[in-house]
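Okay, target_34.cif now, which holds mmCIF, C-alpha atoms:
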```cif
data_input
loop_
_atom_site.group_PDB
_atom_site.id
_atom_site.type_symbol
_atom_site.label_atom_id
_atom_site.label_comp_id
_atom_site.auth_asym_id
_atom_site.auth_seq_id
_atom_site.Cartn_x
_atom_site.Cartn_y
_atom_site.Cartn_z
ATOM 1 C CA MET U 1378 -251.582 -69.199 -1.965
ATOM 2 C CA SER U 1379 -249.713 -72.215 -0.562
ATOM 3 C CA LYS U 1380 -248.009 -72.342 2.843
ATOM 4 C CA LYS U 1381 -244.634 -72.487 1.135
ATOM 5 C CA MET U 1382 -245.385 -69.272 -0.770
ATOM 6 C CA ARG U 1383 -246.590 -67.472 2.359
ATOM 7 C CA LYS U 1384 -243.682 -68.575 4.513
ATOM 8 C CA LYS U 1385 -240.867 -66.026 4.572
ATOM 9 C CA LYS U 1386 -237.298 -66.748 5.461
ATOM 10 C CA ILE U 1387 -236.474 -65.228 8.845
ATOM 11 C CA LYS U 1388 -233.139 -63.445 8.854
ATOM 12 C CA LYS U 1389 -230.901 -63.454 11.906
ATOM 13 C CA TYR U 1390 -230.973 -60.170 13.778
ATOM 14 C CA ASN U 1391 -228.906 -59.001 16.743
ATOM 15 C CA LYS U 1392 -231.108 -56.448 18.515
ATOM 16 C CA PHE U 1393 -228.781 -56.030 21.516
ATOM 17 C CA PHE U 1394 -226.070 -54.228 19.539
ATOM 18 C CA SER U 1395 -228.211 -52.562 16.883
ATOM 19 C CA TYR U 1396 -228.554 -48.782 17.123
ATOM 20 C CA ASN U 1397 -230.559 -46.233 15.162
ATOM 21 C CA CYS U 1398 -229.580 -42.542 15.207
ATOM 22 C CA VAL U 1399 -228.148 -42.512 18.742
ATOM 23 C CA GLU U 1400 -224.929 -41.488 20.530
ATOM 24 C CA ARG U 1401 -222.614 -44.284 21.688
ATOM 25 C CA LYS U 1402 -219.365 -42.336 22.003
ATOM 26 C CA ASP U 1403 -216.532 -42.982 24.478
ATOM 27 C CA ARG U 1404 -217.658 -46.567 25.157
ATOM 28 C CA ASN U 1405 -215.644 -49.725 25.638
ATOM 29 C CA PHE U 1406 -217.195 -52.370 23.380
ATOM 30 C CA SER U 1407 -214.432 -54.954 23.839
ATOM 31 C CA TYR U 1408 -215.514 -58.529 23.088
ATOM 32 C CA LYS U 1409 -219.116 -57.487 22.323
ATOM 33 C CA ASP U 1410 -220.830 -59.480 19.588
ATOM 34 C CA PHE U 1411 -221.972 -57.219 16.738
ATOM 35 C CA SER U 1412 -222.660 -60.120 14.355
ATOM 36 C CA TYR U 1413 -225.947 -59.743 12.449
ATOM 37 C CA SER U 1414 -226.490 -56.315 14.028
ATOM 38 C CA ASN U 1415 -228.069 -53.481 12.065
ATOM 39 C CA SER U 1416 -227.107 -49.913 12.946
ATOM 40 C CA TYR U 1417 -227.825 -46.655 11.122
ATOM 41 C CA ASN U 1418 -226.448 -43.134 11.578
ATOM 42 C CA THR U 1419 -225.052 -43.815 15.063
ATOM 43 C CA ARG U 1420 -221.922 -42.151 16.444
ATOM 44 C CA PHE U 1421 -219.400 -44.414 18.207
ATOM 45 C CA THR U 1422 -216.807 -41.606 18.422
ATOM 46 C CA ASN U 1423 -213.620 -42.418 20.400
ATOM 47 C CA SER U 1424 -214.896 -45.846 21.457
ATOM 48 C CA ILE U 1425 -212.741 -48.950 21.935
ATOM 49 C CA PHE U 1426 -213.283 -52.177 20.017
ATOM 50 C CA TYR U 1427 -211.197 -55.240 20.870
ATOM 51 C CA GLY U 1428 -211.894 -58.855 19.923
ATOM 52 C CA ASN U 1429 -215.315 -58.087 18.465
ATOM 53 C CA ASN U 1430 -217.270 -60.156 15.982
ATOM 54 C CA PHE U 1431 -218.799 -58.135 13.123
ATOM 55 C CA TYR U 1432 -219.931 -61.063 10.971
ATOM 56 C CA LYS U 1433 -222.659 -59.893 8.562
ATOM 57 C CA ALA U 1434 -223.113 -56.654 10.500
ATOM 58 C CA THR U 1435 -224.789 -53.761 8.678
ATOM 59 C CA MET U 1436 -223.619 -50.381 9.974
ATOM 60 C CA LYS U 1437 -224.559 -47.744 7.411
ATOM 61 C CA TYR U 1438 -223.610 -44.074 7.758
ATOM 62 C CA CYS U 1439 -222.240 -44.548 11.280
ATOM 63 C CA GLY U 1440 -219.419 -42.512 12.807
ATOM 64 C CA PHE U 1441 -216.330 -44.301 14.131
ATOM 65 C CA ASN U 1442 -214.085 -41.216 14.245
ATOM 66 C CA GLY U 1443 -211.198 -41.622 16.680
ATOM 67 C CA CYS U 1444 -212.117 -45.225 17.515
ATOM 68 C CA ARG U 1445 -209.527 -47.904 18.264
ATOM 69 C CA PHE U 1446 -209.918 -51.317 16.623
ATOM 70 C CA SER U 1447 -207.678 -54.206 17.702
ATOM 71 C CA PHE U 1448 -207.845 -57.904 16.843
ATOM 72 C CA ILE U 1449 -211.093 -57.480 14.921
ATOM 73 C CA GLU U 1450 -212.592 -59.673 12.194
ATOM 74 C CA PHE U 1451 -214.779 -57.653 9.846
ATOM 75 C CA LYS U 1452 -216.362 -60.451 7.800
ATOM 76 C CA SER U 1453 -219.116 -59.866 5.239
ATOM 77 C CA ALA U 1454 -219.856 -56.544 6.966
ATOM 78 C CA ASN U 1455 -221.483 -53.521 5.328
ATOM 79 C CA PHE U 1456 -219.948 -50.144 6.301
ATOM 80 C CA ARG U 1457 -221.417 -48.091 3.478
ATOM 81 C CA GLY U 1458 -221.053 -44.370 4.122
ATOM 82 C CA CYS U 1459 -219.309 -44.800 7.498
ATOM 83 C CA ARG U 1460 -216.700 -42.395 8.868
ATOM 84 C CA PHE U 1461 -213.426 -43.694 10.327
ATOM 85 C CA LYS U 1462 -211.555 -40.384 10.484
ATOM 86 C CA GLY U 1463 -208.562 -40.571 12.830
ATOM 87 C CA ALA U 1464 -209.391 -44.182 13.754
ATOM 88 C CA GLN U 1465 -206.625 -46.617 14.703
ATOM 89 C CA PHE U 1466 -206.633 -50.114 13.201
ATOM 90 C CA GLU U 1467 -204.256 -52.766 14.490
ATOM 91 C CA ASN U 1468 -204.293 -56.470 13.648
ATOM 92 C CA VAL U 1469 -207.579 -56.261 11.782
ATOM 93 C CA ILE U 1470 -208.923 -58.142 8.778
ATOM 94 C CA PHE U 1471 -211.547 -56.855 6.347
ATOM 95 C CA GLU U 1472 -212.919 -59.910 4.557
ATOM 96 C CA ASN U 1473 -215.697 -59.658 1.936
ATOM 97 C CA CYS U 1474 -216.708 -56.219 3.235
ATOM 98 C CA ASN U 1475 -218.513 -53.272 1.666
ATOM 99 C CA LEU U 1476 -216.473 -50.089 2.184
ATOM 100 C CA SER U 1477 -218.175 -47.931 -0.435
ATOM 101 C CA ASN U 1478 -218.172 -44.200 0.343
ATOM 102 C CA THR U 1479 -216.351 -44.733 3.644
ATOM 103 C CA HIS U 1480 -214.039 -42.002 4.970
ATOM 104 C CA PHE U 1481 -210.632 -42.870 6.472
ATOM 105 C CA GLN U 1482 -208.971 -39.450 6.619
ATOM 106 C CA GLY U 1483 -206.175 -39.487 9.219
ATOM 107 C CA ALA U 1484 -206.747 -43.179 10.056
ATOM 108 C CA THR U 1485 -203.700 -45.335 10.871
ATOM 109 C CA PHE U 1486 -203.207 -48.970 9.863
ATOM 110 C CA LYS U 1487 -200.859 -51.493 11.457
ATOM 111 C CA ASN U 1488 -200.957 -55.165 10.434
ATOM 112 C CA VAL U 1489 -204.299 -54.694 8.660
ATOM 113 C CA TYR U 1490 -205.355 -57.048 5.870
ATOM 114 C CA PHE U 1491 -207.963 -56.723 3.127
ATOM 115 C CA THR U 1492 -209.331 -59.919 1.578
ATOM 116 C CA ASN U 1493 -211.878 -59.719 -1.242
ATOM 117 C CA THR U 1494 -212.638 -56.153 -0.149
ATOM 118 C CA SER U 1495 -212.566 -53.266 -2.599
ATOM 119 C CA LEU U 1496 -211.051 -49.918 -1.609
ATOM 120 C CA LYS U 1497 -211.943 -48.151 -4.855
ATOM 121 C CA SER U 1498 -214.581 -45.872 -3.340
ATOM 122 C CA ALA U 1499 -213.017 -45.583 0.129
ATOM 123 C CA ARG U 1500 -211.821 -42.030 0.723
ATOM 124 C CA GLY U 1501 -208.992 -40.387 2.627
ATOM 125 C CA ILE U 1502 -206.492 -43.266 2.665
ATOM 126 C CA LYS U 1503 -202.971 -42.092 1.860
ATOM 127 C CA ASP U 1504 -200.678 -44.514 0.035
ATOM 128 C CA ILE U 1505 -203.506 -46.960 -0.582
ATOM 129 C CA ASP U 1506 -201.130 -49.175 -2.576
ATOM 130 C CA LEU U 1507 -199.132 -49.832 0.589
ATOM 131 C CA LEU U 1508 -202.070 -51.461 2.367
ATOM 132 C CA THR U 1509 -201.913 -55.238 2.524
ATOM 133 C CA ARG U 1510 -204.396 -56.809 0.149
ATOM 134 C CA ILE U 1511 -204.098 -60.519 0.501
ATOM 135 C CA ASN U 1512 -205.794 -63.710 -0.666
ATOM 136 C CA ASN U 1513 -205.830 -66.837 1.480
ATOM 137 C CA HIS U 1514 -205.694 -69.112 -1.562
ATOM 138 C CA ASN U 1515 -202.494 -67.573 -2.988
ATOM 139 C CA LEU U 1516 -200.747 -67.001 0.336
ATOM 140 C CA LYS U 1517 -197.767 -69.294 0.921
ATOM 141 C CA LEU U 1518 -196.602 -70.086 4.453
ATOM 142 C CA SER U 1519 -193.640 -72.131 5.562
ATOM 143 C CA LEU U 1520 -194.411 -73.269 9.094
ATOM 144 C CA SER U 1521 -192.248 -75.054 11.631
ATOM 145 C CA SER U 1522 -192.942 -78.636 12.658
ATOM 146 C CA GLU U 1523 -194.037 -77.349 16.091
ATOM 147 C CA MET U 1524 -196.622 -75.069 14.496
ATOM 148 C CA LEU U 1525 -197.933 -77.810 12.211
ATOM 149 C CA GLU U 1526 -198.238 -80.188 15.149
ATOM 150 C CA ALA U 1527 -200.176 -77.597 17.194
ATOM 151 C CA ILE U 1528 -202.465 -76.870 14.235
ATOM 152 C CA ASN U 1529 -203.204 -80.589 13.881
ATOM 153 C CA GLU U 1530 -204.098 -80.696 17.583
ATOM 154 C CA CYS U 1531 -206.581 -77.877 16.990
ATOM 155 C CA LYS U 1532 -208.369 -80.022 14.387
ATOM 156 C CA ALA U 1533 -209.514 -82.303 17.204
ATOM 157 C CA ASN U 1534 -211.252 -79.458 19.046
ATOM 158 C CA PRO U 1535 -214.743 -78.879 17.537
ATOM 159 C CA TYR U 1536 -215.021 -75.410 19.103
ATOM 160 C CA ILE U 1537 -211.851 -74.227 17.376
ATOM 161 C CA VAL U 1538 -212.913 -75.776 14.071
ATOM 162 C CA SER U 1539 -216.369 -74.183 14.149
ATOM 163 C CA SER U 1540 -215.007 -70.762 15.190
ATOM 164 C CA GLY U 1541 -213.669 -69.984 11.699
ATOM 165 C CA THR U 1542 -210.416 -68.619 13.153
ATOM 166 C CA ILE U 1543 -207.648 -71.160 12.502
ATOM 167 C CA PHE U 1544 -209.649 -72.990 9.843
ATOM 168 C CA TYR U 1545 -212.348 -71.829 7.505
ATOM 169 C CA LYS U 1546 -215.727 -73.129 8.574
ATOM 170 C CA LYS U 1547 -216.579 -76.450 6.998
ATOM 171 C CA LYS U 1548 -220.280 -77.062 6.440
ATOM 172 C CA GLY U 1549 -222.017 -80.297 5.742
ATOM 173 C CA ARG U 1550 -224.766 -80.329 3.138
ATOM 174 C CA LEU U 1551 -228.234 -81.187 4.399
ATOM 175 C CA SER U 1552 -231.191 -82.450 2.431
ATOM 176 C CA ASN U 1553 -234.426 -80.448 2.532
ATOM 177 C CA ALA U 1554 -235.978 -83.118 4.749
ATOM 178 C CA GLU U 1555 -233.071 -82.855 7.212
ATOM 179 C CA LYS U 1556 -233.400 -79.059 7.279
ATOM 180 C CA ARG U 1557 -237.137 -79.279 8.034
ATOM 181 C CA ALA U 1558 -236.534 -81.855 10.771
ATOM 182 C CA GLU U 1559 -233.861 -79.673 12.361
ATOM 183 C CA LYS U 1560 -236.147 -76.618 12.430
ATOM 184 C CA SER U 1561 -238.664 -78.538 14.545
ATOM 185 C CA LEU U 1562 -236.085 -79.085 17.302
ATOM 186 C CA SER U 1563 -235.516 -76.839 20.295
ATOM 187 C CA LYS U 1564 -232.593 -74.401 20.232
ATOM 188 C CA GLN U 1565 -230.562 -76.607 22.593
ATOM 189 C CA GLU U 1566 -231.293 -79.738 20.564
ATOM 190 C CA ARG U 1567 -230.246 -77.960 17.348
ATOM 191 C CA LYS U 1568 -226.962 -76.859 18.928
ATOM 192 C CA CYS U 1569 -226.219 -80.418 20.079
ATOM 193 C CA LEU U 1570 -227.015 -81.755 16.615
ATOM 194 C CA GLN U 1571 -224.867 -79.139 14.907
ATOM 195 C CA ARG U 1572 -221.987 -79.862 17.287
ATOM 196 C CA LYS U 1573 -222.291 -83.597 16.570
ATOM 197 C CA ARG U 1574 -222.292 -82.882 12.836
ATOM 198 C CA GLN U 1575 -219.155 -80.752 13.203
ATOM 199 C CA GLU U 1576 -217.421 -83.554 15.093
ATOM 200 C CA GLU U 1577 -218.331 -85.970 12.318
ATOM 201 C CA LEU U 1578 -216.855 -83.580 9.760
ATOM 202 C CA LEU U 1579 -213.571 -83.745 11.648
ATOM 203 C CA LEU U 1580 -213.392 -87.456 10.863
ATOM 204 C CA HIS U 1581 -213.747 -86.829 7.146
ATOM 205 C CA PRO U 1582 -210.499 -87.538 5.294
ATOM 206 C CA LYS U 1583 -210.618 -84.236 3.406
ATOM 207 C CA GLN U 1584 -208.238 -81.708 4.973
ATOM 208 C CA LEU U 1585 -209.642 -78.602 6.629
ATOM 209 C CA THR U 1586 -208.804 -75.319 4.886
ATOM 210 C CA LEU U 1587 -206.252 -73.411 6.922
ATOM 211 C CA HIS U 1588 -206.987 -69.725 7.564
ATOM 212 C CA LYS U 1589 -203.482 -68.608 6.634
ATOM 213 C CA VAL U 1590 -204.235 -64.884 6.871
ATOM 214 C CA ASN U 1591 -205.205 -65.303 10.527
ATOM 215 C CA LEU U 1592 -201.992 -67.200 11.202
ATOM 216 C CA VAL U 1593 -200.077 -64.286 9.682
ATOM 217 C CA ARG U 1594 -201.970 -61.974 12.051
ATOM 218 C CA LEU U 1595 -200.756 -64.039 15.003
ATOM 219 C CA LEU U 1596 -197.222 -64.070 13.591
ATOM 220 C CA ASP U 1597 -197.316 -60.269 13.497
ATOM 221 C CA ASN U 1598 -197.346 -60.350 17.301
ATOM 222 C CA TYR U 1599 -195.727 -63.613 18.432
ATOM 223 C CA THR U 1600 -193.055 -66.096 17.368
ATOM 224 C CA GLU U 1601 -193.941 -69.483 15.895
ATOM 225 C CA ASN U 1602 -192.771 -71.172 19.094
ATOM 226 C CA GLU U 1603 -195.009 -68.947 21.250
ATOM 227 C CA ILE U 1604 -198.018 -69.493 18.989
ATOM 228 C CA ALA U 1605 -197.458 -73.260 18.890
ATOM 229 C CA LYS U 1606 -197.432 -73.433 22.694
ATOM 230 C CA GLY U 1607 -200.566 -71.289 22.874
ATOM 231 C CA LEU U 1608 -202.440 -73.346 20.280
ATOM 232 C CA HIS U 1609 -201.514 -76.546 22.098
ATOM 233 C CA LEU U 1610 -202.929 -75.165 25.351
ATOM 234 C CA ALA U 1611 -206.029 -73.863 23.564
ATOM 235 C CA ALA U 1612 -206.642 -77.217 21.859
ATOM 236 C CA ILE U 1613 -206.850 -79.037 25.184
ATOM 237 C CA SER U 1614 -208.628 -76.231 27.071
ATOM 238 C CA ILE U 1615 -211.273 -74.506 24.934
ATOM 239 C CA ASP U 1616 -214.717 -75.911 25.667
ATOM 240 C CA LYS U 1617 -217.157 -73.246 24.453
ATOM 241 C CA ASP U 1618 -218.066 -71.333 21.310
ATOM 242 C CA PHE U 1619 -216.081 -68.273 20.227
ATOM 243 C CA SER U 1620 -215.522 -66.350 17.013
ATOM 244 C CA SER U 1621 -212.556 -63.978 17.386
ATOM 245 C CA LEU U 1622 -208.857 -64.679 16.867
ATOM 246 C CA SER U 1623 -208.232 -62.648 20.044
ATOM 247 C CA TYR U 1624 -209.613 -65.618 22.013
ATOM 248 C CA PHE U 1625 -206.217 -67.323 21.572
ATOM 249 C CA ILE U 1626 -204.209 -64.439 23.051
ATOM 250 C CA PRO U 1627 -204.674 -65.385 26.750
ATOM 251 C CA TYR U 1628 -203.637 -68.977 25.942
ATOM 252 C CA ILE U 1629 -200.506 -67.784 24.132
ATOM 253 C CA LYS U 1630 -199.599 -65.435 27.001
ATOM 254 C CA LYS U 1631 -200.213 -68.170 29.580
ATOM 255 C CA ALA U 1632 -198.169 -70.727 27.642
ATOM 256 C CA ILE U 1633 -195.126 -68.465 27.379
#
```

Hey, can you dump this file as structure tokens for me?
Amino acid sequence: MSKKMRKKKIKKYNKFFSYNCVERKDRNFSYKDFSYSNSYNTRFTNSIFYGNNFYKATMKYCGFNGCRFSFIEFKSANFRGCRFKGAQFENVIFENCNLSNTHFQGATFKNVYFTNTSLKSARGIKDIDLLTRINNHNLKLSLSSEMLEAINECKANPYIVSSGTIFYKKKGRLSNAEKRAEKSLSKQERKCLQRKRQEELLLHPKQLTLHKVNLVRLLDNYTENEIAKGLHLAAISIDKDFSSLSYFIPYIKKAI
């Protein structure tokens, strides 16, 4: 058998926030990174989640009864068989998520959006037709000149662009040889190379895709003028990686 056949693709795994059949109730998990985590049959009852990243998290048959979720991005997450009874959701987006056999009895929803996420087998939601199911492609926004100017300023900040918050992530295509060469580099060297590649993408004439649903989420809480001031401050201030829309909130509050 050849080396290529023997070599298996290593999946990303977040061991720090992966739990298996344990109690994690009454905790404050604000800003914790649950991306690529894998939890099973764990109870998070009455815990607080604010500004978390759940990108590609797998959390099967877990209990989130009575939990509070604010400014959360659930992206490509698997919540099969989870329980959200009495949970509170505010300014949350479910994007490309698996909610099969989930239980939402008594849960409350405020400014919650579902994008490419089926609710057919989700249970316990009253007035399911009133929930906001939205598609970024078909969403039309009429923004002020101040907002458009601030958004353009954000395009010059590689950390904002790569965060996937204001813009959808834009990836450059690599050849197989480039991928092999990159794997041989150290973690720090790979990050520098990826950052340089992202900066080069910014110079490409093709326009970045605006994450309009996330802008609507900001508009649910602030005026266009307040958001514009906050984005301007963020564009000239942010100098490290982040992944949650909540990261802009301190800049908006400081600017106003």

Using only C-alpha atoms, determine which residues lie at most 9 Å from Asn1534 of chain U, disregarding the query and same-chain residues fewer than 4 positions distant; provide the list as a PDB file with C-alpha atoms, in the frame of the given file.
```pdb
ATOM      1  CA  GLU U1530    -204.098 -80.696  17.583  1.00  0.00           C
ATOM      2  CA  VAL U1538    -212.913 -75.776  14.071  1.00  0.00           C
ATOM      3  CA  SER U1539    -216.369 -74.183  14.149  1.00  0.00           C
ATOM      4  CA  GLU U1576    -217.421 -83.554  15.093  1.00  0.00           C
ATOM      5  CA  LEU U1579    -213.571 -83.745  11.648  1.00  0.00           C
ATOM      6  CA  ALA U1611    -206.029 -73.863  23.564  1.00  0.00           C
ATOM      7  CA  ALA U1612    -206.642 -77.217  21.859  1.00  0.00           C
ATOM      8  CA  ILE U1613    -206.850 -79.037  25.184  1.00  0.00           C
ATOM      9  CA  ILE U1615    -211.273 -74.506  24.934  1.00  0.00           C
ATOM     10  CA  ASP U1616    -214.717 -75.911  25.667  1.00  0.00           C
TER      11      ASP U1616
END
```

Matched chain/residue IDs from the PyMOL selection byres ((chain U and resi 1448) around 12), as a ChimeraX atom specification: /U:1407-1408,1425-1431,1445-1447,1449-1451,1465-1471,1487-1490,1542,1591,1594-1595,1597-1598,1620-1626

Which residue of U:Leu1585, U:Leu1562, U:Cys1569, U:Leu1525 approaches Phe1544 of chain U most closely, using only C-alpha atoms: U:Leu1585

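Evaluating the PyMOL selection byres ((chain U and resi 1606) around 8) against the shown model yields U:Ala1527, U:Asn1602, U:Glu1603, U:Ile1604, U:Ala1605, U:Gly1607, U:Leu1608, U:His1609, U:Leu1610, U:Ile1629, U:Ala1632, U:Ile1633.
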
Coordinates-based distance that separates atom CA of Thr1435 of chain U from atom CA of Ala1499 of chain U (Å, one decimal): 16.7 Å

The PyMOL selection byres ((chain U and resi 1440) around 9) resolved against shown file, as a ChimeraX atom specification: /U:1418-1422,1438-1439,1441-1442,1459-1462

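You can rank U:Gly1541, U:Ala1434, U:Asn1493, U:Cys1398 by their closest distance to Asp1410 of chain U using all atoms listed in the file, and at the top of that list sits U:Ala1434.
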
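With all atoms listed in the file taken into account, the protein and nucleic acid residues at most 10 Å from Phe1456 of chain U (excluding it and anything under 6 positions from it in its own chain) are U:Ser1416, U:Tyr1417, U:Ala1434, U:Thr1435, U:Met1436, U:Lys1437, U:Tyr1438, U:Cys1439, U:Cys1474, U:Asn1475, U:Leu1476, U:Ser1477, U:Asn1478, U:Thr1479.
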
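Closest approach to His1480 of chain U among U:Ser1498, U:Asn1513, U:Ser1522, U:Thr1492: U:Ser1498, based on only C-alpha atoms.
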
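Note that the spacing between atom CA of Thr1494 of chain U and atom CA of Leu1508 of chain U amounts to 11.8 Å.
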
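Interatomic distance, atom CA of Tyr1545 of chain U to atom CA of Val1590 of chain U: 10.7 Å.
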
For segment 1480-1496 of chain U, I'd like the enclosing box, axis-aligned and padded by 4 Å on every side, reported as lines of an AutoDock Vina configuration file with centre and edge lengths in Å to one decimal.
```
center_x = -207.4
center_y = -49.7
center_z = 4.4
size_x = 21.2
size_y = 28.5
size_z = 22.1
```
